[in-house]
file entry_38.txt (compact mmCIF, C-alpha atoms)
# COMPACT_ATOMS: atom_id res chain seq x y z
CA MET A 1 7.99 65.12 25.69
CA GLY A 2 9.08 65.12 22.05
CA LEU A 3 12.48 66.24 20.81
CA LEU A 4 11.13 69.48 19.30
CA GLN A 5 9.35 70.40 22.53
CA ASN A 6 12.51 69.68 24.51
CA VAL A 7 14.58 71.87 22.22
CA LEU A 8 12.07 74.73 22.39
CA LEU A 9 12.02 74.68 26.17
CA ARG A 10 15.80 74.57 26.44
CA LEU A 11 16.09 77.49 24.02
CA LEU A 12 13.71 79.51 26.16
CA ILE A 13 15.69 78.70 29.30
CA LEU A 14 18.86 79.79 27.55
CA ALA A 15 17.23 83.00 26.31
CA GLU A 16 16.00 83.84 29.81
CA PHE A 17 19.46 83.22 31.22
CA VAL A 18 21.07 85.45 28.62
CA THR A 19 18.67 88.36 29.03
CA ARG A 20 18.53 88.25 32.83
CA CYS A 21 22.16 87.51 33.68
CA LYS A 22 24.64 89.00 31.20
CA PRO A 23 24.88 91.20 28.11
CA LEU A 24 25.22 88.98 25.06
CA GLY A 25 28.70 90.22 24.18
CA SER A 26 30.09 89.35 27.60
CA ILE A 27 29.14 85.67 27.60
CA ASP A 28 31.84 83.05 27.43
CA PRO A 29 30.17 80.18 25.51
CA SER A 30 32.14 77.62 27.49
CA SER A 31 30.54 78.86 30.70
CA LEU A 32 26.90 78.58 29.61
CA THR A 33 24.56 76.27 31.48
CA LEU A 34 20.95 75.72 30.50
CA ILE A 35 19.51 75.91 34.02
CA PRO A 36 21.70 78.08 36.26
CA CYS A 37 21.48 77.09 39.91
CA HIS A 38 21.36 80.59 41.34
CA SER A 39 19.62 82.62 38.62
CA SER A 40 15.84 82.39 38.45
CA VAL A 41 14.39 81.85 34.98
CA VAL A 42 10.79 81.81 36.16
CA THR A 43 8.88 84.42 34.20
CA LEU A 44 5.40 84.42 32.67
CA SER A 45 6.84 83.83 29.21
CA PHE A 46 8.83 80.86 30.49
CA LEU A 47 5.80 79.40 32.29
CA LYS A 48 3.59 79.85 29.21
CA THR A 49 6.08 78.12 26.93
CA ALA A 50 6.52 75.23 29.37
CA ILE A 51 2.74 74.73 29.47
CA ASP A 52 2.37 75.15 25.69
CA VAL A 53 4.94 72.44 24.95
CA GLY A 54 3.33 70.12 27.48
CA GLN A 55 6.09 69.97 30.06
CA SER A 56 4.95 69.82 33.68
CA LEU A 57 7.75 71.40 35.68
CA GLU A 58 8.25 71.83 39.40
CA TYR A 59 9.44 75.03 41.02
CA GLN A 60 11.06 75.51 44.40
CA CYS A 61 10.16 78.31 46.80
CA GLN A 62 13.22 80.41 47.53
CA ALA A 63 11.46 82.19 50.43
CA ASN A 64 8.37 81.73 52.57
CA LEU A 65 5.32 82.37 50.36
CA ASN A 66 1.65 83.17 50.93
CA LEU A 67 -0.92 81.37 48.80
CA TYR A 68 -4.48 82.69 48.56
CA ASP A 69 -7.88 81.09 48.02
CA SER A 70 -8.72 83.07 44.87
CA PRO A 71 -7.03 85.29 42.27
CA ALA A 72 -8.42 88.30 44.16
CA LEU A 73 -5.72 87.59 46.79
CA GLU A 74 -8.00 88.64 49.62
CA SER A 75 -7.96 85.59 51.91
CA LEU A 76 -4.94 83.49 52.87
CA ALA A 77 -5.35 79.79 52.00
CA THR A 78 -2.01 78.45 53.17
CA GLN A 79 1.69 79.24 53.30
CA ALA A 80 4.72 77.52 51.81
CA VAL A 81 7.99 77.53 53.69
CA ALA A 82 11.19 78.07 51.68
CA GLY A 83 12.28 74.82 50.07
CA ARG A 84 8.82 73.48 49.26
CA GLN A 85 7.96 72.69 45.66
CA LEU A 86 4.94 73.51 43.53
CA ARG A 87 3.49 73.12 40.05
CA VAL A 88 1.77 75.83 38.03
CA LEU A 89 -1.79 74.88 37.06
CA SER A 90 -2.91 77.89 35.03
CA LEU A 91 -1.76 81.34 33.98
CA PRO A 92 -3.76 84.60 34.08
CA ILE A 93 -3.35 85.19 30.35
CA ASP A 94 -6.18 85.29 27.79
CA ASN A 95 -6.01 84.25 24.14
CA SER A 96 -4.74 87.69 23.14
CA GLY A 97 -1.88 87.48 25.61
CA ARG A 98 -3.29 90.01 28.07
CA LEU A 99 -3.15 89.57 31.85
CA THR A 100 -6.52 88.78 33.40
CA ALA A 101 -5.43 88.65 37.07
CA ASN A 102 -2.50 89.38 39.35
CA ALA A 103 -2.04 85.76 40.42
CA LEU A 104 -1.44 82.33 38.99
CA GLN A 105 -2.94 79.07 40.17
CA VAL A 106 -0.50 76.58 41.68
CA ARG A 107 -0.51 73.29 43.57
CA LEU A 108 1.98 72.42 46.29
CA CYS A 109 3.73 69.13 45.63
CA GLU A 110 4.03 67.73 49.15
CA ASP A 111 0.30 67.79 50.03
CA ASP A 112 -1.48 68.49 46.71
CA TYR A 113 -2.86 71.72 48.17
CA PRO A 114 -3.98 74.36 45.64
CA GLY A 115 -3.74 78.12 45.92
CA TRP A 116 -3.11 81.37 44.09
CA LEU A 117 0.36 82.89 44.04
CA PRO A 118 0.76 86.66 43.50
CA LEU A 119 2.60 87.44 40.27
CA GLU A 120 4.91 89.72 42.23
CA ASP A 121 6.30 86.61 43.94
CA LEU A 122 7.41 84.91 40.72
CA ASP A 123 10.97 86.04 41.39
CA LEU A 124 10.86 83.95 44.58
CA LEU A 125 10.56 80.74 42.56
CA ASP A 126 13.27 78.80 40.82
CA LEU A 127 13.25 75.60 38.82
CA ALA A 128 13.46 72.60 41.12
CA GLU A 129 16.59 70.56 40.55
CA THR A 130 14.63 67.30 40.95
CA PRO A 131 10.92 66.43 41.15
CA TYR A 132 9.50 66.03 44.62
CA ARG A 133 9.52 62.44 45.83
CA ALA A 134 7.62 61.55 48.98
CA ILE A 135 9.48 59.55 51.63
CA GLY A 136 7.70 56.51 53.00
CA PHE A 137 7.39 55.94 56.74
CA SER A 138 6.19 52.88 58.59
CA ALA A 139 3.80 53.20 61.52
CA ALA A 140 6.65 52.27 63.85
CA GLU A 141 8.92 54.94 62.38
CA ILE A 142 6.21 57.57 62.78
CA SER A 143 5.58 56.50 66.37
CA ALA A 144 9.28 56.98 67.14
CA CYS A 145 9.10 60.54 65.77
CA LEU A 146 6.08 61.63 67.83
CA PRO A 147 8.07 63.01 70.80
CA LYS A 148 9.73 65.44 68.39
CA VAL A 149 6.37 66.34 66.85
CA ILE A 150 5.01 67.15 70.31
CA ALA A 151 8.18 69.08 71.19
CA PHE A 152 7.72 71.20 68.05
CA ALA A 153 4.17 72.11 69.10
CA HIS A 154 5.36 73.06 72.58
CA ALA A 155 8.14 75.21 71.10
CA ALA A 156 5.55 76.96 68.90
CA MET A 157 3.48 77.71 72.00
CA ALA A 158 6.54 79.15 73.77
CA GLN A 159 6.98 81.80 71.06
CA PRO A 160 4.81 84.93 70.96
CA ASN A 161 2.08 84.03 68.47
CA ILE A 162 -1.49 84.64 67.37
CA TYR A 163 -3.95 82.53 65.44
CA LEU A 164 -3.60 83.05 61.69
CA TRP A 165 -6.12 81.55 59.28
CA GLY A 166 -4.02 79.80 56.63
CA GLY A 167 -0.85 79.97 58.72
CA THR A 168 1.70 77.17 58.39
CA VAL A 169 4.89 79.22 58.76
CA GLY A 170 5.69 80.18 62.34
CA PRO A 171 5.18 81.85 64.60
CA ASN A 172 1.48 82.18 63.65
CA TYR A 173 -0.55 79.10 62.73
CA ASP A 174 -4.08 77.96 62.23
CA CYS A 175 -5.11 74.67 63.83
CA SER A 176 -4.35 72.28 60.97
CA GLY A 177 -1.35 74.34 59.86
CA LEU A 178 0.29 73.73 63.24
CA MET A 179 -0.40 69.99 62.97
CA GLN A 180 0.95 69.76 59.43
CA THR A 181 4.08 71.75 60.20
CA ALA A 182 4.77 69.84 63.42
CA PHE A 183 4.75 66.55 61.51
CA ALA A 184 6.65 68.05 58.56
CA SER A 185 9.40 69.11 60.99
CA VAL A 186 10.37 65.42 61.19
CA GLY A 187 9.80 64.74 57.49
CA ILE A 188 6.27 63.33 57.78
CA TRP A 189 3.63 64.94 55.57
CA ILE A 190 -0.07 64.96 56.38
CA PRO A 191 -2.85 66.76 54.47
CA ARG A 192 -3.43 70.47 55.00
CA ASP A 193 -6.96 70.98 56.37
CA ALA A 194 -8.58 69.51 59.50
CA TYR A 195 -11.23 67.54 57.58
CA GLN A 196 -8.54 66.15 55.27
CA GLN A 197 -6.38 65.18 58.23
CA GLU A 198 -9.34 63.39 59.82
CA ALA A 199 -9.94 61.38 56.65
CA PHE A 200 -6.21 60.58 56.39
CA ALA A 201 -5.70 59.44 59.99
CA GLN A 202 -6.49 55.97 61.28
CA PRO A 203 -9.56 56.30 63.55
CA VAL A 204 -8.87 55.77 67.25
CA ALA A 205 -11.35 55.62 70.13
CA ILE A 206 -11.03 58.61 72.46
CA GLU A 207 -10.41 56.18 75.34
CA ALA A 208 -7.46 54.71 73.42
CA THR A 209 -5.71 57.94 72.45
CA GLN A 210 -1.95 58.10 72.82
CA PRO A 211 0.46 61.07 72.80
CA GLY A 212 0.80 62.31 69.22
CA ASP A 213 -2.69 61.33 68.09
CA LEU A 214 -4.88 63.98 66.47
CA ILE A 215 -8.09 65.14 68.16
CA PHE A 216 -10.87 66.39 65.88
CA PHE A 217 -13.65 68.87 66.59
CA GLY A 218 -16.46 70.34 64.55
CA THR A 219 -20.01 69.52 63.57
CA SER A 220 -21.70 66.20 62.86
CA GLN A 221 -20.97 66.78 59.17
CA ARG A 222 -17.32 67.83 59.16
CA ALA A 223 -14.17 68.40 61.17
CA THR A 224 -13.39 72.10 61.48
CA HIS A 225 -10.67 72.03 64.14
CA VAL A 226 -7.81 69.77 65.20
CA GLY A 227 -5.36 69.43 68.07
CA LEU A 228 -2.46 67.19 69.07
CA TYR A 229 -3.03 64.88 72.01
CA LEU A 230 -0.50 65.11 74.84
CA ASP A 231 -1.55 62.89 77.77
CA ASP A 232 -4.03 62.68 80.66
CA GLY A 233 -6.76 64.28 78.56
CA PHE A 234 -4.74 67.31 77.52
CA TYR A 235 -4.09 68.45 73.94
CA ILE A 236 -2.24 71.32 72.28
CA HIS A 237 -3.75 73.35 69.45
CA SER A 238 -3.90 76.75 67.78
CA SER A 239 -7.33 78.23 68.36
CA GLY A 240 -8.91 81.44 67.15
CA ARG A 241 -10.00 84.59 68.89
CA ASP A 242 -13.77 83.98 68.86
CA GLN A 243 -13.94 80.78 70.91
CA GLY A 244 -10.31 79.99 71.63
CA ARG A 245 -7.06 81.48 72.89
CA ASN A 246 -6.00 83.38 69.75
CA GLY A 247 -2.90 81.27 69.41
CA VAL A 248 -1.26 78.05 70.54
CA GLY A 249 -2.34 76.72 73.92
CA VAL A 250 -3.15 73.58 75.90
CA ASP A 251 -6.70 72.51 76.73
CA VAL A 252 -8.35 69.48 78.28
CA LEU A 253 -10.96 67.07 76.96
CA SER A 254 -13.43 67.65 79.76
CA GLU A 255 -16.60 69.49 80.65
CA VAL A 256 -14.94 70.63 83.87
CA GLY A 257 -12.19 72.60 82.15
CA ASP A 258 -12.30 76.35 81.59
CA LYS A 259 -14.60 78.02 79.07
CA VAL A 260 -12.34 77.33 76.07
CA SER A 261 -11.90 73.67 76.97
CA GLN A 262 -15.63 73.26 77.50
CA THR A 263 -16.46 74.92 74.19
CA TYR A 264 -14.24 72.59 72.19
CA TYR A 265 -15.20 69.51 74.22
CA ARG A 266 -18.81 70.02 73.19
CA GLN A 267 -17.62 69.92 69.54
CA LEU A 268 -15.52 66.77 69.94
CA ARG A 269 -15.79 64.41 66.95
CA GLY A 270 -13.12 61.81 67.63
CA ALA A 271 -9.43 60.99 67.31
CA GLY A 272 -7.05 59.65 64.68
CA ARG A 273 -3.54 58.27 64.51
CA ILE A 274 -1.00 59.09 61.80
CA VAL A 275 0.38 55.78 60.55
CA THR A 276 1.77 56.80 57.16
CA SER A 277 3.13 59.86 55.36
CA TYR A 278 1.06 61.50 52.66
CA GLN A 279 1.77 60.41 49.08
CA PRO A 280 0.88 63.00 46.39
CA GLN A 281 -2.09 61.97 44.28
CA ARG A 282 -1.69 64.29 41.29
CA SER A 283 1.01 64.43 38.67
CA ARG A 284 0.30 68.10 37.95

call {"tool": "encode", "arguments": {"input": "entry_38.txt", "output": "structure tokens"}}
result
Amino acid sequence: MGLLQNVLLRLLILAEFVTRCKPLGSIDPSSLTLIPCHSSVVTLSFLKTAIDVGQSLEYQCQANLNLYDSPALESLATQAVAGRQLRVLSLPIDNSGRLTANALQVRLCEDDYPGWLPLEDLDLLDLAETPYRAIGFSAAEISACLPKVIAFAHAAMAQPNIYLWGGTVGPNYDCSGLMQTAFASVGIWIPRDAYQQEAFAQPVAIEATQPGDLIFFGTSQRATHVGLYLDDGFYIHSSGRDQGRNGVGVDVLSEVGDKVSQTYYRQLRGAGRIVTSYQPQRSR
């Protein structure tokens, strides 16, 4: 970014700090900081200026947030737990400066997942102190973490819960949200959706599955459901109301199981092993 752009952005940050934190006459110049740690400067005007001057900034969630699949904010796409970081992709402002929607398009940094954030939640964002940097894990390091991943899934099952489409923040999860959050609990990131997780995992024959592998279900074209393999043919997953348990439960890979187990077994696609942590693919 050029010097002029840098100066413009810093002036905007300073202006936001002044107007949101203190009356001008009460400011001690020696106490001014450009990016205050505990005072959010994330407003539409700030976001627009940052985009106009070409600076791609990251923002940290100060609370658990819901992200939706469209600016209509009708269907949950995913959730972001406090502490996650995101980038703003576009603003709901036309050329005349008028609002065109009540949401802005964002992308989560850890898994590149897009969504729409309600404008009313802007005050729950703050500038990230540092850009997100993915941590690398070897296959051996991931294997050593799997008992904790499985323990997380069991703990989620022990809490009162229901299936929530788009859920990644407990106690309510969807299938892939439970898998992602279980791995994230030990610092390992995997993609968000079941079909993405299948593509990311190293394929494993069903006969060779080990505790902590992912089990995929769906159609011949695409994975639509995922669970975490335990042992002896059993797996833990969050399944819906229509053909599942409306929450987190344990089922078996067998035609001789109960109705839920049989239903999913008939949709079995295969298994995969997580051998690396997801590395973000996009810079903005």

call {"tool": "atom_distance", "arguments": {"input": "entry_38.txt", "atom1": "atom CA of Pro114 of chain A", "atom2": "atom CA of Gly247 of chain A"}}
result
24.8 Å

call {"tool": "residues_around", "arguments": {"input": "entry_38.txt", "residues": "segment 205-208 of chain A", "least_positions_apart": "2", "cutoff": "7 Å", "atoms": "all atoms listed in the file", "output": "number ranges by chain"}}
result
A: 203, 210, 270-271

call {"tool": "residues_near_point", "arguments": {"input": "entry_38.txt", "point": "(-8.3, 61.0, 61.5)", "cutoff": "10 Å", "atoms": "only C-alpha atoms", "output": "count of residues only"}}
result
23

call {"tool": "residues_near_point", "arguments": {"input": "entry_38.txt", "point": "(-12.5, 67.0, 78.0)", "cutoff": "9 Å", "atoms": "only C-alpha atoms", "output": "list in words"}}
result
Gly233, Phe234, Asp251, Val252, Leu253, Ser254, Glu255, Val256, Gly257, Ser261, Gln262, Tyr264, Tyr265, Arg266 and Leu268 of chain A

call {"tool": "residues_around", "arguments": {"input": "entry_38.txt", "residues": "segment 43-45 of chain A", "least_positions_apart": "6", "cutoff": "8 Å", "atoms": "only C-alpha atoms", "output": "PyMOL selection string"}}
result
chain A and resi 91+122-123

call {"tool": "residues_around", "arguments": {"input": "entry_38.txt", "residues": "segment 74-78 of chain A", "least_positions_apart": "4", "cutoff": "8 Å", "atoms": "all atoms listed in the file", "output": "list in words"}}
result
Asn66, Leu67, Tyr68, Asp69, Ser70, Gly115, Trp165, Gly166, Gly167, Thr168 and Gly177 of chain A

call {"tool": "closest_residue", "arguments": {"input": "entry_38.txt", "among": "A:Cys61, A:Ile93, A:Ala80, A:Ile236", "to": "Ile150 of chain A", "atoms": "only C-alpha atoms"}}
result
A:Ile236

call {"tool": "atom_distance", "arguments": {"input": "entry_38.txt", "atom1": "atom CA of Leu125 of chain A", "atom2": "atom CA of Ala63 of chain A"}}
result
8.1 Å

call {"tool": "closest_residue", "arguments": {"input": "entry_38.txt", "among": "A:Leu89, A:Trp116, A:Arg222, A:Gly249", "to": "Pro160 of chain A", "atoms": "only C-alpha atoms"}}
result
A:Gly249

call {"tool": "residues_around", "arguments": {"input": "entry_38.txt", "residues": "Gly240 of chain A", "least_positions_apart": "2", "cutoff": "9 Å", "atoms": "all atoms listed in the file", "output": "PyMOL selection string"}}
result
chain A and resi 162-165+174-175+238+242-247

call {"tool": "closest_residue", "arguments": {"input": "entry_38.txt", "among": "A:Ala144, A:Gln267, A:Leu104, A:Val275", "to": "Thr224 of chain A", "atoms": "all atoms listed in the file"}}
result
A:Gln267

call {"tool": "atom_distance", "arguments": {"input": "entry_38.txt", "atom1": "atom CA of Met157 of chain A", "atom2": "atom CA of Tyr235 of chain A"}}
result
12.1 Å

call {"tool": "closest_residue", "arguments": {"input": "entry_38.txt", "among": "A:Phe152, A:Leu146, A:Ser185, A:Ala158", "to": "Pro211 of chain A", "atoms": "all atoms listed in the file"}}
result
A:Leu146

call {"tool": "closest_residue", "arguments": {"input": "entry_38.txt", "among": "A:Lys48, A:Ala156, A:Asn64, A:Asp94", "to": "Ala82 of chain A", "atoms": "only C-alpha atoms"}}
result
A:Asn64

call {"tool": "residues_around", "arguments": {"input": "entry_38.txt", "residues": "Ile188 of chain A", "least_positions_apart": "3", "cutoff": "9 Å", "atoms": "only C-alpha atoms", "output": "VMD selection string"}}
result
chain A and resid 135 to 137 142 145 180 182 to 185 276 to 278

call {"tool": "write_last_selection", "arguments": {"input": "entry_38.txt", "atoms": "C-alpha atoms", "output": "PDB file, keeping the file's coordinate frame"}}
result
ATOM      1  CA  ILE A 135       9.480  59.550  51.630  1.00  0.00           C
ATOM      2  CA  GLY A 136       7.700  56.510  53.000  1.00  0.00           C
ATOM      3  CA  PHE A 137       7.390  55.940  56.740  1.00  0.00           C
ATOM      4  CA  ILE A 142       6.210  57.570  62.780  1.00  0.00           C
ATOM      5  CA  CYS A 145       9.100  60.540  65.770  1.00  0.00           C
ATOM      6  CA  GLN A 180       0.950  69.760  59.430  1.00  0.00           C
ATOM      7  CA  ALA A 182       4.770  69.840  63.420  1.00  0.00           C
ATOM      8  CA  PHE A 183       4.750  66.550  61.510  1.00  0.00           C
ATOM      9  CA  ALA A 184       6.650  68.050  58.560  1.00  0.00           C
ATOM     10  CA  SER A 185       9.400  69.110  60.990  1.00  0.00           C
ATOM     11  CA  THR A 276       1.770  56.800  57.160  1.00  0.00           C
ATOM     12  CA  SER A 277       3.130  59.860  55.360  1.00  0.00           C
ATOM     13  CA  TYR A 278       1.060  61.500  52.660  1.00  0.00           C
TER      14      TYR A 278
END

call {"tool": "closest_residue", "arguments": {"input": "entry_38.txt", "among": "A:Asn161, A:Arg84, A:Ser220, A:Tyr229", "to": "Val149 of chain A", "atoms": "all atoms listed in the file"}}
result
A:Tyr229

call {"tool": "axis_aligned_box", "arguments": {"input": "entry_38.txt", "around": "segment 110-113 of chain A", "padding_each_side": "5 Å", "output": "lines of an AutoDock Vina configuration file"}}
result
center_x = 0.6
center_y = 69.7
center_z = 48.4
size_x = 16.9
size_y = 14.0
size_z = 13.3
